[in-house]
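So this one's target.cif, mmCIF, C-alpha atoms:
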data_entry
loop_
_atom_site.label_atom_id
_atom_site.label_comp_id
_atom_site.auth_asym_id
_atom_site.auth_seq_id
_atom_site.Cartn_x
_atom_site.Cartn_y
_atom_site.Cartn_z
CA MET T 1 -32.70 48.14 92.36
CA SER T 2 -32.20 47.59 96.09
CA ILE T 3 -35.74 48.22 97.32
CA SER T 4 -37.07 45.20 99.19
CA LEU T 5 -40.80 44.61 98.74
CA SER T 6 -43.39 42.18 100.02
CA HIS T 7 -47.15 42.17 99.67
CA ASP T 8 -49.12 43.69 102.55
CA HIS T 9 -52.82 43.84 101.61
CA VAL T 10 -55.48 44.51 99.01
CA GLY T 11 -57.88 47.40 99.68
CA ILE T 12 -61.54 47.27 98.66
CA THR T 13 -63.76 50.34 98.82
CA LEU T 14 -67.40 49.77 99.69
CA THR T 15 -70.37 51.61 101.15
CA PRO T 16 -70.85 51.61 104.93
CA GLU T 17 -74.12 49.73 104.37
CA ASP T 18 -72.23 46.86 102.68
CA LEU T 19 -69.51 46.41 105.32
CA ASP T 20 -71.15 43.79 107.54
CA ALA T 21 -72.43 41.73 104.59
CA THR T 22 -68.98 41.81 102.98
CA ILE T 23 -67.24 40.72 106.18
CA ALA T 24 -69.77 37.89 106.41
CA TRP T 25 -69.17 36.86 102.76
CA TYR T 26 -65.38 36.67 103.12
CA SER T 27 -65.71 34.86 106.46
CA ARG T 28 -68.29 32.31 105.26
CA THR T 29 -66.92 31.58 101.81
CA LEU T 30 -63.15 31.98 102.13
CA GLY T 31 -62.50 31.57 105.85
CA PHE T 32 -61.29 35.10 106.61
CA THR T 33 -61.50 36.50 110.13
CA VAL T 34 -61.61 40.11 111.29
CA GLU T 35 -58.16 41.15 112.45
CA ARG T 36 -59.16 44.68 113.31
CA ARG T 37 -62.14 46.99 112.80
CA PHE T 38 -61.88 50.68 113.60
CA GLU T 39 -63.00 54.19 112.77
CA THR T 40 -60.67 57.05 111.97
CA HIS T 41 -61.08 60.37 110.19
CA GLY T 42 -64.82 59.73 109.83
CA MET T 43 -64.30 56.40 108.01
CA THR T 44 -64.74 52.77 109.05
CA PHE T 45 -62.08 50.18 108.22
CA ALA T 46 -61.92 46.42 108.67
CA PHE T 47 -58.87 44.25 108.08
CA LEU T 48 -59.65 40.64 107.23
CA VAL T 49 -57.00 37.92 107.44
CA HIS T 50 -56.56 34.34 106.29
CA GLY T 51 -53.04 33.04 106.82
CA ASP T 52 -50.72 35.67 105.38
CA VAL T 53 -53.44 37.19 103.14
CA ARG T 54 -54.89 40.52 104.30
CA ILE T 55 -57.81 42.46 102.82
CA GLU T 56 -58.64 45.98 103.91
CA LEU T 57 -62.30 46.93 103.62
CA MET T 58 -62.78 50.69 103.47
CA ALA T 59 -66.40 51.62 104.15
CA VAL T 60 -66.25 55.09 102.64
CA ALA T 61 -67.89 54.86 99.21
CA SER T 62 -71.04 56.84 98.56
CA ASP T 63 -72.40 54.50 95.87
CA ARG T 64 -72.02 50.93 94.67
CA ARG T 65 -70.18 49.87 91.55
CA ALA T 66 -72.02 47.69 89.08
CA PRO T 67 -70.70 44.11 89.23
CA ALA T 68 -68.94 42.62 86.23
CA GLY T 69 -71.07 40.13 84.31
CA ASP T 70 -68.44 37.56 83.39
CA ILE T 71 -64.68 37.42 83.20
CA LEU T 72 -64.43 38.13 79.47
CA SER T 73 -66.64 41.23 79.58
CA SER T 74 -65.14 42.61 82.79
CA MET T 75 -62.26 44.61 81.37
CA ASN T 76 -63.41 48.05 82.55
CA PRO T 77 -60.32 50.28 82.88
CA ALA T 78 -62.06 52.39 85.52
CA ARG T 79 -61.71 49.69 88.18
CA LEU T 80 -59.21 47.20 89.50
CA HIS T 81 -59.83 44.07 87.49
CA HIS T 82 -59.12 41.40 90.10
CA PHE T 83 -56.90 40.18 92.87
CA CYS T 84 -55.54 36.66 93.00
CA LEU T 85 -55.49 34.11 95.80
CA ALA T 86 -53.21 31.09 95.58
CA VAL T 87 -54.82 27.73 96.33
CA ALA T 88 -53.23 24.29 96.57
CA ASP T 89 -56.10 22.38 94.88
CA LEU T 90 -58.22 24.45 92.50
CA ASP T 91 -60.81 21.73 91.87
CA ALA T 92 -61.40 21.20 95.60
CA VAL T 93 -61.77 24.94 96.23
CA VAL T 94 -64.15 25.36 93.27
CA THR T 95 -66.27 22.47 94.53
CA GLU T 96 -66.39 23.91 98.05
CA LEU T 97 -67.33 27.37 96.78
CA ARG T 98 -70.06 25.94 94.53
CA ASP T 99 -71.43 24.08 97.57
CA LEU T 100 -71.60 27.48 99.30
CA GLY T 101 -73.57 28.94 96.39
CA VAL T 102 -70.72 30.88 94.77
CA ASP T 103 -70.96 30.91 90.97
CA LEU T 104 -67.89 30.80 88.75
CA MET T 105 -67.28 33.73 86.40
CA GLY T 106 -64.69 31.80 84.44
CA GLY T 107 -62.75 28.55 84.45
CA PRO T 108 -61.31 26.45 85.69
CA MET T 109 -58.95 26.87 82.78
CA THR T 110 -55.32 26.18 82.07
CA ILE T 111 -53.03 29.02 81.04
CA GLU T 112 -50.41 27.04 79.14
CA GLU T 113 -47.99 29.95 78.88
CA ILE T 114 -47.46 29.95 82.65
CA GLY T 115 -48.38 26.34 83.35
CA GLN T 116 -51.11 27.38 85.75
CA ARG T 117 -54.78 26.55 86.28
CA VAL T 118 -57.08 29.39 87.32
CA ALA T 119 -60.74 30.13 87.99
CA PHE T 120 -62.62 33.36 88.70
CA VAL T 121 -65.40 34.15 91.18
CA SER T 122 -66.78 37.41 92.50
CA ASP T 123 -67.55 38.48 96.03
CA ASN T 124 -70.91 39.80 97.26
CA LEU T 125 -70.09 43.22 95.76
CA GLY T 126 -68.97 41.94 92.36
CA ASN T 127 -65.20 42.29 92.97
CA ILE T 128 -63.41 39.65 90.93
CA ILE T 129 -61.21 37.11 92.70
CA GLU T 130 -58.87 34.87 90.72
CA LEU T 131 -58.05 31.52 92.29
CA ALA T 132 -54.76 30.06 91.06
CA GLU T 133 -53.00 26.74 91.57
CA PRO T 134 -49.21 26.74 91.71
CA GLY T 135 -47.75 26.66 88.22
CA THR T 136 -44.40 26.67 86.53
CA ARG T 137 -44.43 30.44 85.86
CA ALA T 138 -41.81 29.75 83.23
#
Output the structure of this file as structure tokens.
Amino acid sequence: MSISLSHDHVGITLTPEDLDATIAWYSRTLGFTVERRFETHGMTFAFLVHGDVRIELMAVASDRRAPAGDILSSMNPARLHHFCLAVADLDAVVTELRDLGVDLMGGPMTIEEIGQRVAFVSDNLGNIIELAEPGTRA
């Protein structure tokens, strides 16, 4: 196949009432900044950036989704399960997030099959975020 791909962004749907609180959560806990916020076609969008990671918040939902309780019981096929952010030092990031009041949903744990350590948290809306250290990916 000759199609060249790279990752652009992850899109998260939320209610208009949750937009400001979600921007604040990603800014305070993970260091994202607002790249652009705009309205088009009757909808409000915000793009958050941190390095080369981009998240698109789409404030168009009419109701909230119920948050997942923990990582092992969160396998609902009706929703995206998680997105993953690479971190250089998982233990340091977990400690910093705990200091900010963010609870872990799972981990840290080692996935021997890929030689990687991971942990899971959720944002203010209950969207699951995997944090992963570099691994062998063998």
Check: Between T:Asp123, T:Asp89, T:Glu35, T:Asp103, which one has atoms that come closest to Gly135 in chain T, using all atoms listed in the file?
Finding: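 For Gly135 in chain T, the nearest of the candidates is T:Asp89.
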Margin query: Please compute the CA of Leu125 in chain T-CA of Leu85 in chain T distance, one decimal, in Å.
Written below: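 Those two atoms sit 17.2 Å apart.
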Item checked: Hits from the PyMOL selection byres ((chain T and resi 57) around 10), listed as an NGL selection string -> :T and (10-16 or 18-19 or 22-23 or 37 or 44-48 or 54-56 or 58-60)
Note to self: Can you pull out the residues contacting Val118 in chain T? Cut-off 12 Å, using only C-alpha atoms, and skip same-chain residues under 2 positions away; I want them as a ChimeraX atom specification.
What the structure shows: /T:71,84-91,93-94,104-112,114-116,120-121,129-135
Note to self: Calculated over all atoms listed in the file, which of the candidates T:Arg36, T:Ser27, T:Leu80, T:Ser62 has the smallest distance to Gly126 in chain T?
What the structure shows: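 Residue with the minimum atom-to-atom distance to Gly126 in chain T: T:Leu80.
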Which residues are near Ser6 in chain T? Cut-off 12 Å, all atoms listed in the file, ignore same chain within fewer than 3 positions. Put them as a PDB file with C-alpha atoms, keeping the file's coordinate frame.
ATOM      1  CA  ILE T   3     -35.740  48.220  97.320  1.00  0.00           C
ATOM      2  CA  HIS T   9     -52.820  43.840 101.610  1.00  0.00           C
ATOM      3  CA  ASP T  52     -50.720  35.670 105.380  1.00  0.00           C
ATOM      4  CA  VAL T  53     -53.440  37.190 103.140  1.00  0.00           C
TER       5      VAL T  53
END
Check: What separation in Å, quoted to one decimal, exists between CA of Leu30 in chain T and CA of Leu5 in chain T?
Finding: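 So the two atoms, CA of Leu30 in chain T and CA of Leu5 in chain T, lie 25.9 Å apart.
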Note to self: Please compute the CA of Thr29 in chain T-CA of Arg98 in chain T distance, one decimal, in Å.
What the structure shows: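 Result for CA of Thr29 in chain T versus CA of Arg98 in chain T: 9.7 Å, one decimal.
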